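Engineer: As input, take entry00.cif (mmCIF, C-alpha atoms and all ligand atoms):
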```
data_coords
#
loop_
_atom_site.label_atom_id
_atom_site.label_comp_id
_atom_site.auth_asym_id
_atom_site.auth_seq_id
_atom_site.Cartn_x
_atom_site.Cartn_y
_atom_site.Cartn_z
CA MET A 925 0.00 0.00 0.00
CA SER A 926 1.39 3.46 -0.81
CA VAL A 927 -0.72 6.62 -0.60
CA ASN A 928 -4.29 6.45 0.64
CA LYS A 929 -5.87 8.83 -1.91
CA GLN A 930 -9.26 8.67 -0.19
CA ILE A 931 -7.91 10.74 2.71
CA LYS A 932 -8.44 14.41 1.85
CA LYS A 933 -7.00 15.84 5.04
CA VAL A 934 -5.22 13.82 7.71
CA THR A 935 -6.48 14.48 11.23
CA THR A 936 -5.74 12.88 14.60
CA ASN A 937 -8.89 10.76 14.05
CA THR A 938 -7.49 9.55 10.74
CA LEU A 939 -4.44 8.17 12.56
CA LEU A 940 -6.63 6.19 14.94
CA ARG A 941 -8.63 4.89 11.99
CA LEU A 942 -5.43 3.83 10.22
CA LYS A 943 -4.41 1.87 13.31
CA VAL A 944 -7.82 0.19 13.55
CA ASN A 945 -7.67 -0.69 9.83
CA GLY A 946 -4.15 -2.07 10.18
CA GLU A 947 -2.66 0.56 7.85
CA LYS A 948 0.72 1.96 8.90
CA ILE A 949 1.22 5.69 9.48
CA SER A 950 4.01 7.43 7.55
CA MET A 951 5.70 10.41 9.21
CA ILE A 952 8.72 12.49 8.20
CA THR A 953 10.29 15.65 9.57
CA ALA A 954 10.33 18.92 7.61
CA TYR A 955 11.43 22.39 8.56
CA ASP A 956 10.67 24.57 5.53
CA PHE A 957 8.03 25.34 2.89
CA SER A 958 9.65 23.66 -0.13
CA PHE A 959 10.31 20.24 1.37
CA ALA A 960 6.97 20.23 3.18
CA LYS A 961 5.26 20.83 -0.18
CA LEU A 962 7.11 17.88 -1.77
CA PHE A 963 6.41 15.51 1.13
CA ASP A 964 2.75 16.54 1.25
CA ALA A 965 2.33 16.00 -2.50
CA ALA A 966 3.99 12.57 -2.14
CA GLY A 967 1.21 11.64 0.27
CA ILE A 968 2.93 11.54 3.66
CA ASP A 969 0.43 11.22 6.53
CA VAL A 970 2.21 13.31 9.18
CA ILE A 971 4.88 16.02 8.93
CA LEU A 972 6.78 16.60 12.14
CA VAL A 973 8.42 19.98 12.60
CA GLY A 974 10.96 18.37 14.89
CA ASP A 975 13.28 20.15 17.27
CA SER A 976 15.89 18.14 15.36
CA ALA A 977 15.93 21.41 13.37
CA SER A 978 18.42 22.40 16.04
CA ASN A 979 20.82 19.74 14.67
CA VAL A 980 20.07 19.50 10.97
CA MET A 981 19.11 23.10 10.18
CA ALA A 982 21.19 25.08 12.70
CA GLY A 983 24.18 22.74 13.18
CA HIS A 984 23.93 22.42 16.96
CA GLU A 985 25.13 19.24 18.70
CA SER A 986 21.82 18.69 20.48
CA THR A 987 18.17 19.72 20.33
CA LEU A 988 18.51 21.88 23.45
CA PRO A 989 19.44 25.27 21.97
CA ILE A 990 16.48 25.76 19.61
CA THR A 991 14.04 28.40 20.84
CA LEU A 992 10.24 28.67 20.73
CA ASP A 993 10.53 31.58 18.26
CA GLN A 994 12.74 29.49 15.96
CA MET A 995 10.32 26.54 16.11
CA ILE A 996 7.49 28.92 15.25
CA TYR A 997 9.40 30.18 12.20
CA HIS A 998 9.99 26.62 10.93
CA ALA A 999 6.44 25.49 11.69
CA ALA A 1000 4.77 28.43 9.94
CA SER A 1001 6.91 27.75 6.84
CA VAL A 1002 5.92 24.06 6.84
CA ILE A 1003 2.24 24.86 7.27
CA ARG A 1004 2.34 27.11 4.18
CA GLY A 1005 3.55 24.12 2.14
CA THR A 1006 1.03 21.60 3.44
CA GLU A 1007 -2.50 20.77 2.27
CA ARG A 1008 -3.12 17.13 3.24
CA ALA A 1009 -0.73 16.04 5.99
CA LEU A 1010 -1.24 16.48 9.70
CA VAL A 1011 1.45 18.89 10.92
CA VAL A 1012 2.82 18.21 14.40
CA VAL A 1013 5.25 20.65 16.02
CA ASP A 1014 7.76 19.89 18.78
CA LEU A 1015 7.60 21.99 21.93
CA PRO A 1016 11.29 22.87 22.35
CA PHE A 1017 13.38 22.31 25.47
CA GLY A 1018 12.57 24.90 28.14
CA SER A 1019 9.15 25.76 26.76
CA TYR A 1020 7.11 23.29 28.86
CA GLN A 1021 9.18 21.66 31.60
CA SER A 1022 8.81 24.30 34.34
CA ASN A 1023 5.04 24.00 34.88
CA SER A 1024 1.77 23.40 33.07
CA GLU A 1025 0.95 27.13 32.80
CA VAL A 1026 4.18 27.81 30.93
CA ALA A 1027 3.55 24.70 28.81
CA LEU A 1028 0.06 25.89 27.84
CA ALA A 1029 1.32 29.39 27.01
CA SER A 1030 4.00 27.91 24.71
CA ALA A 1031 1.46 25.57 23.14
CA ILE A 1032 -0.96 28.41 22.45
CA ARG A 1033 1.78 30.51 20.85
CA ILE A 1034 2.66 27.72 18.42
CA MET A 1035 -0.97 27.02 17.52
CA LYS A 1036 -1.86 30.73 17.07
CA GLU A 1037 1.29 31.84 15.24
CA THR A 1038 1.80 28.85 12.91
CA GLY A 1039 -1.55 27.23 12.16
CA ALA A 1040 -0.15 23.84 13.25
CA HIS A 1041 -2.55 20.98 13.92
CA ALA A 1042 -0.91 19.31 16.93
CA LEU A 1043 2.10 19.41 19.25
CA LYS A 1044 4.63 16.86 20.49
CA LEU A 1045 6.49 16.87 23.77
CA GLU A 1046 8.93 14.49 25.42
CA GLY A 1047 8.48 12.55 28.64
CA GLY A 1048 5.98 10.53 30.65
CA GLU A 1049 4.65 10.98 34.16
CA GLU A 1050 6.89 14.06 34.74
CA VAL A 1051 5.01 16.09 32.11
CA VAL A 1052 1.52 14.68 32.48
CA ASP A 1053 0.07 17.84 34.09
CA SER A 1054 1.25 19.89 31.15
CA ILE A 1055 -0.19 17.40 28.67
CA LYS A 1056 -3.57 17.41 30.42
CA ARG A 1057 -3.68 21.20 30.47
CA ILE A 1058 -2.76 21.51 26.78
CA VAL A 1059 -5.24 18.81 25.77
CA SER A 1060 -8.01 20.43 27.80
CA ALA A 1061 -7.41 23.64 25.85
CA GLY A 1062 -8.34 21.69 22.71
CA ILE A 1063 -4.82 21.15 21.42
CA PRO A 1064 -3.95 17.59 20.31
CA VAL A 1065 -0.73 16.23 21.85
CA MET A 1066 1.62 13.49 20.65
CA GLY A 1067 3.86 11.94 23.32
CA HIS A 1068 7.50 10.86 22.93
CA LEU A 1069 9.10 8.08 25.02
CA GLY A 1070 12.29 6.02 24.95
CA LEU A 1071 15.29 8.00 23.76
CA THR A 1072 14.15 11.56 24.38
CA PRO A 1073 16.89 13.79 22.93
CA GLN A 1074 16.03 16.79 25.14
CA SER A 1075 17.30 14.67 28.10
CA ILE A 1076 20.56 13.69 26.42
CA HIS A 1077 22.66 15.11 29.27
CA LYS A 1078 20.78 12.87 31.72
CA PHE A 1079 21.30 9.76 29.53
CA GLY A 1080 24.87 10.69 28.50
CA THR A 1081 24.65 8.77 25.19
CA TYR A 1082 22.30 8.08 22.28
CA VAL A 1083 22.30 4.28 22.84
CA VAL A 1084 19.16 2.10 22.84
CA ARG A 1085 16.89 2.88 25.84
CA ALA A 1086 14.75 0.64 28.08
CA LYS A 1087 16.84 -2.52 27.70
CA GLU A 1088 16.82 -2.92 31.50
CA GLU A 1089 13.58 -4.11 33.12
CA ALA A 1090 13.17 -1.07 35.40
CA GLU A 1091 13.34 1.38 32.51
CA ALA A 1092 11.13 -0.85 30.35
CA ASN A 1093 8.52 -0.94 33.15
CA LYS A 1094 8.57 2.84 33.45
CA LEU A 1095 8.07 3.13 29.70
CA ARG A 1096 5.11 0.70 29.78
CA SER A 1097 3.51 2.71 32.57
CA ASP A 1098 4.32 6.10 30.96
CA ALA A 1099 2.70 5.00 27.70
CA LEU A 1100 -0.58 4.29 29.52
CA ILE A 1101 -0.32 7.55 31.48
CA LEU A 1102 0.08 9.49 28.22
CA GLN A 1103 -2.92 7.75 26.71
CA GLU A 1104 -5.05 8.47 29.79
CA ALA A 1105 -3.91 12.10 29.72
CA GLY A 1106 -5.41 12.39 26.23
CA CYS A 1107 -2.46 11.97 23.83
CA PHE A 1108 -3.57 10.89 20.34
CA ALA A 1109 -0.31 9.04 19.51
CA VAL A 1110 3.15 8.44 20.91
CA VAL A 1111 6.61 8.32 19.34
CA LEU A 1112 8.77 5.44 20.60
CA GLU A 1113 12.42 6.21 19.93
CA LYS A 1114 15.26 3.68 19.96
CA ILE A 1115 13.87 0.93 22.18
CA PRO A 1116 13.90 -2.86 21.69
CA ALA A 1117 11.41 -4.04 19.04
CA ALA A 1118 9.83 -6.56 21.44
CA LEU A 1119 9.06 -3.81 23.97
CA ALA A 1120 7.66 -1.54 21.23
CA LYS A 1121 5.42 -4.41 20.08
CA GLU A 1122 4.12 -4.99 23.60
CA VAL A 1123 3.45 -1.28 24.17
CA THR A 1124 1.80 -0.92 20.75
CA GLU A 1125 -0.54 -3.80 21.54
CA SER A 1126 -1.36 -2.43 25.01
CA LEU A 1127 -2.52 0.95 23.66
CA ILE A 1128 -5.54 2.21 21.76
CA MET A 1129 -3.61 5.22 20.43
CA PRO A 1130 -1.07 4.50 17.65
CA THR A 1131 2.66 4.26 18.31
CA ILE A 1132 5.09 5.75 15.80
CA GLY A 1133 8.56 4.24 15.91
CA ILE A 1134 12.04 5.46 15.13
CA GLY A 1135 14.52 2.68 15.80
CA ALA A 1136 11.72 0.79 17.57
CA GLY A 1137 11.13 -2.01 15.07
CA MET A 1138 8.44 -3.20 12.72
CA HIS A 1139 5.48 -3.57 15.08
CA CYS A 1140 4.77 0.11 15.71
CA GLY A 1141 1.64 1.65 14.17
CA GLY A 1142 3.82 3.89 12.01
CA GLN A 1143 7.36 5.04 11.36
CA VAL A 1144 9.11 8.39 11.45
CA LEU A 1145 12.50 9.43 10.07
CA VAL A 1146 14.36 12.72 10.00
CA MET A 1147 14.30 13.95 6.38
CA HIS A 1148 18.06 14.62 6.27
CA ASP A 1149 18.73 10.99 7.23
CA LEU A 1150 16.14 9.44 4.90
CA LEU A 1151 17.32 11.54 1.92
CA GLY A 1152 21.02 11.02 2.55
CA ILE A 1153 21.75 14.71 3.13
CA ASN A 1154 23.38 13.90 6.44
CA THR A 1155 26.04 11.28 5.64
CA GLU A 1156 27.70 11.04 9.06
CA PHE A 1157 24.65 9.55 10.82
CA ARG A 1158 24.36 5.82 10.09
CA PRO A 1159 22.51 4.03 12.90
CA ARG A 1160 21.25 0.48 12.28
CA PHE A 1161 17.61 1.57 12.16
CA LEU A 1162 18.13 4.04 9.32
CA ARG A 1163 17.19 3.24 5.73
CA THR A 1164 18.49 5.86 3.30
CA TYR A 1165 16.31 6.34 0.22
CA LEU A 1166 18.49 8.80 -1.71
CA ASN A 1167 22.12 9.85 -1.80
CA MET A 1168 21.30 13.52 -1.90
CA ALA A 1169 24.68 14.65 -0.55
CA GLU A 1170 26.42 13.05 -3.54
CA GLN A 1171 23.83 14.32 -6.02
CA VAL A 1172 23.92 17.89 -4.70
CA THR A 1173 27.71 17.95 -4.57
CA GLY A 1174 27.88 16.61 -8.15
CA ALA A 1175 25.39 19.19 -9.42
CA VAL A 1176 27.13 22.12 -7.71
CA LYS A 1177 30.57 20.96 -8.94
CA GLN A 1178 29.18 20.88 -12.48
CA TYR A 1179 27.72 24.39 -12.04
CA ILE A 1180 31.09 25.71 -10.77
CA ALA A 1181 32.88 24.12 -13.73
CA ASP A 1182 30.35 25.56 -16.22
CA VAL A 1183 30.76 29.08 -14.77
CA LYS A 1184 34.59 28.84 -14.75
CA ASN A 1185 34.64 27.47 -18.32
CA ASN A 1186 32.35 30.21 -19.65
CA ASP A 1187 29.84 27.50 -20.54
CA PHE A 1188 27.05 28.98 -18.39
CA PRO A 1189 25.12 31.01 -19.35
CA ASN A 1190 25.09 30.23 -23.08
CA GLU A 1191 23.39 32.18 -25.89
CA GLY A 1192 19.98 30.70 -25.15
CA GLU A 1193 20.24 31.49 -21.44
CA GLN A 1194 20.56 35.26 -21.74
CA TYR A 1195 18.35 38.24 -22.73
O1 LIG B 1 12.80 16.16 16.52
C1 LIG B 1 12.64 15.12 15.85
O2 LIG B 1 13.02 15.02 14.68
C2 LIG B 1 11.99 14.00 16.50
C3 LIG B 1 11.98 12.70 15.76
C4 LIG B 1 13.29 12.05 15.86
C5 LIG B 1 10.87 11.81 16.24
O3 LIG B 1 11.50 14.12 17.58
#
```
Kindly present the structure from the file in structure tokens form.
Ligand code: KIV

Structural biologist:
Amino acid sequence: MSVNKQIKKVTTNTLLRLKVNGEKISMITAYDFSFAKLFDAAGIDVILVGDSASNVMAGHESTLPITLDQMIYHAASVIRGTERALVVVDLPFGSYQSNSEVALASAIRIMKETGAHALKLEGGEEVVDSIKRIVSAGIPVMGHLGLTPQSIHKFGTYVVRAKEEAEANKLRSDALILQEAGCFAVVLEKIPAALAKEVTESLIMPTIGIGAGMHCGGQVLVMHDLLGINTEFRPRFLRTYLNMAEQVTGAVKQYIADVKNNDFPNEGEQY
């Protein structure tokens, strides 16, 4: 199955229906108008304006530095390029952790200033008050468990999470807490496939995996990884669909050569 052409506009209800019908959810990150337009036209179900923009767009080592204003800029650009997909925006580090009032204020800013359809935030029980408050304001929330990059300094590394029973148990319990708090879906990042399968089967809401195996209700990848723009990142879970780095480098080298050799522009390319 590729694109479900019957879906005119993907909503949070659509995702639940896809899970019930046994159809997988496709999700990709985007940070600008042009790529969002291409992904939307290709038929992607969900576009995530991830705080991974901090890494892949701004060149930071982690997702921590990106600000709410910067996320709003990226999200508004993506929304302008999207007609069909559900657009989910990450609440950046520092915009929701202090208390639920701050979290709701950040959430409202993103919804008002970008036109986004839903938000994502990282964590389980620790952030449940914020999730409840945002959901009760009518804003759909996607959870994120497992490897949560905003806590990288707590973890110390980007290795697979929840391999130990205690952490796996917390993840099982957090997933249910998020569902009860009103989340419409949850991202499971870099956890064992067997645990992701168990959690997926225990929930009504869909799970969306990244490095969490084949049993999740859907999959998400960062566009720079999927398209081969970022060549240094090669984890086991990544499938690269294009070697864009090589293609872009080749094209730009050709352009440089054509300019240097007085081959571009030619007679037909001038006024
Ligand atoms: O910010 C991001 O790109 C994400 C995905 C890795 C799920 O949260």

Engineer: Extract, using all atoms listed in the file, all DNA, RNA and protein residues at most 7 Å from Val1011 of chain A, discarding same-chain residues fewer than 6 positions from it, and format them as a PyMOL selection string.

Structural biologist: chain A and resi 970-972+1040-1042

Engineer: Identify which of the residues A:Asp969, A:Glu1191, A:Glu1104, A:Asp1098 lies closest to Gly1048 of chain A, counting all atoms listed in the file when measuring atom-to-atom distances.

Structural biologist: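 Smallest distance to Gly1048 of chain A is found for A:Asp1098.
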
Engineer: Please extract the residues at most 6 Å from ligand LIG 1 (chain B), counting all atoms listed in the file, and provide them as a list in words, using the chain letters and residue numbers of this document.

Structural biologist: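 Checking all atoms listed in the file against ligand LIG 1 (chain B) at 6 Å gives Thr953, Gly974, Asp975, Ser976 and Val1146 of chain A.
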
Engineer: Would you list the contacts of Ala1092 of chain A as a PyMOL selection string, taking every protein, DNA or RNA residue within 10 Å and counting only C-alpha atoms, but skipping same-chain residues closer than 4 positions in sequence?

Structural biologist: chain A and resi 1070+1085-1088+1096-1098+1115-1116+1119-1120+1123

Engineer: For atom CA of Asp1053 of chain A and atom CA of Gly1141 of chain A, quote the distance in Å rounded to one decimal.

Structural biologist: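 Atom CA of Gly1141 of chain A lies 25.7 Å from atom CA of Asp1053 of chain A.
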
Engineer: Assuming 6 Å of padding per side, give the centre and edge lengths of the axis-aligned box around every listed atom of segment 1159-1171 of chain A, in Å to one decimal and as lines of an AutoDock Vina configuration file.

Structural biologist:
```
center_x = 21.4
center_y = 7.6
center_z = 3.4
size_x = 22.1
size_y = 26.2
size_z = 30.9
```

Engineer: Around the point (5.7, 19.5, 31.1) in the file's coordinates, collect all residues with an atom within 10 Å, using all atoms listed in the file, and return them as a PDB file with C-alpha atoms, in the coordinates of the input.

Structural biologist:
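After the write, result_29.pdb holds the following:
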```pdb
ATOM      1  CA  LEU A1015       7.600  21.990  21.930  1.00  0.00           C
ATOM      2  CA  PHE A1017      13.380  22.310  25.470  1.00  0.00           C
ATOM      3  CA  GLY A1018      12.570  24.900  28.140  1.00  0.00           C
ATOM      4  CA  SER A1019       9.150  25.760  26.760  1.00  0.00           C
ATOM      5  CA  TYR A1020       7.110  23.290  28.860  1.00  0.00           C
ATOM      6  CA  GLN A1021       9.180  21.660  31.600  1.00  0.00           C
ATOM      7  CA  SER A1022       8.810  24.300  34.340  1.00  0.00           C
ATOM      8  CA  ASN A1023       5.040  24.000  34.880  1.00  0.00           C
ATOM      9  CA  SER A1024       1.770  23.400  33.070  1.00  0.00           C
ATOM     10  CA  GLU A1025       0.950  27.130  32.800  1.00  0.00           C
ATOM     11  CA  VAL A1026       4.180  27.810  30.930  1.00  0.00           C
ATOM     12  CA  ALA A1027       3.550  24.700  28.810  1.00  0.00           C
ATOM     13  CA  LEU A1028       0.060  25.890  27.840  1.00  0.00           C
ATOM     14  CA  LEU A1045       6.490  16.870  23.770  1.00  0.00           C
ATOM     15  CA  GLU A1046       8.930  14.490  25.420  1.00  0.00           C
ATOM     16  CA  GLY A1047       8.480  12.550  28.640  1.00  0.00           C
ATOM     17  CA  GLY A1048       5.980  10.530  30.650  1.00  0.00           C
ATOM     18  CA  GLU A1049       4.650  10.980  34.160  1.00  0.00           C
ATOM     19  CA  GLU A1050       6.890  14.060  34.740  1.00  0.00           C
ATOM     20  CA  VAL A1051       5.010  16.090  32.110  1.00  0.00           C
ATOM     21  CA  VAL A1052       1.520  14.680  32.480  1.00  0.00           C
ATOM     22  CA  ASP A1053       0.070  17.840  34.090  1.00  0.00           C
ATOM     23  CA  SER A1054       1.250  19.890  31.150  1.00  0.00           C
ATOM     24  CA  ILE A1055      -0.190  17.400  28.670  1.00  0.00           C
ATOM     25  CA  LYS A1056      -3.570  17.410  30.420  1.00  0.00           C
ATOM     26  CA  ARG A1057      -3.680  21.200  30.470  1.00  0.00           C
ATOM     27  CA  ILE A1058      -2.760  21.510  26.780  1.00  0.00           C
TER      28      ILE A1058
END
```

Engineer: Name the residues in contact with Gly1135 of chain A at a cut-off of 6 Å, using all atoms listed in the file, excluding same-chain residues fewer than 3 positions from it; report them as a ChimeraX atom specification.

Structural biologist: /A:1113-1114,1161

Engineer: Would you mind exporting C-alpha atoms of the selected residues as a PDB file, keeping the file's coordinate frame?

Structural biologist:
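Result file follows (result_2.pdb):
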```
ATOM      1  CA  GLU A1113      12.420   6.210  19.930  1.00  0.00           C
ATOM      2  CA  LYS A1114      15.260   3.680  19.960  1.00  0.00           C
ATOM      3  CA  PHE A1161      17.610   1.570  12.160  1.00  0.00           C
TER       4      PHE A1161
END
```

Engineer: With distances taken over all atoms listed in the file, which residue among A:Tyr1165, A:Phe1188, A:Tyr1195, A:Phe1108 lies nearest Thr935 of chain A?

Structural biologist: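 That would be A:Phe1108, the residue with the smallest distance to Thr935 of chain A.
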
Engineer: Quick check, in Å to one decimal: how far apart do atom CA of Ile968 of chain A and atom CA of Met995 of chain A lie?

Structural biologist: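 Taking atom CA of Ile968 of chain A as the start and atom CA of Met995 of chain A as the end point, the length is 20.8 Å.
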
Engineer: Find, counting all atoms listed in the file, the residue in A:Met1129, A:Ile952, A:Asn979, A:Met1035 that gets nearest to Val1144 of chain A.

Structural biologist: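 When distances to Val1144 of chain A are compared using all atoms listed in the file, the smallest one comes from A:Ile952.
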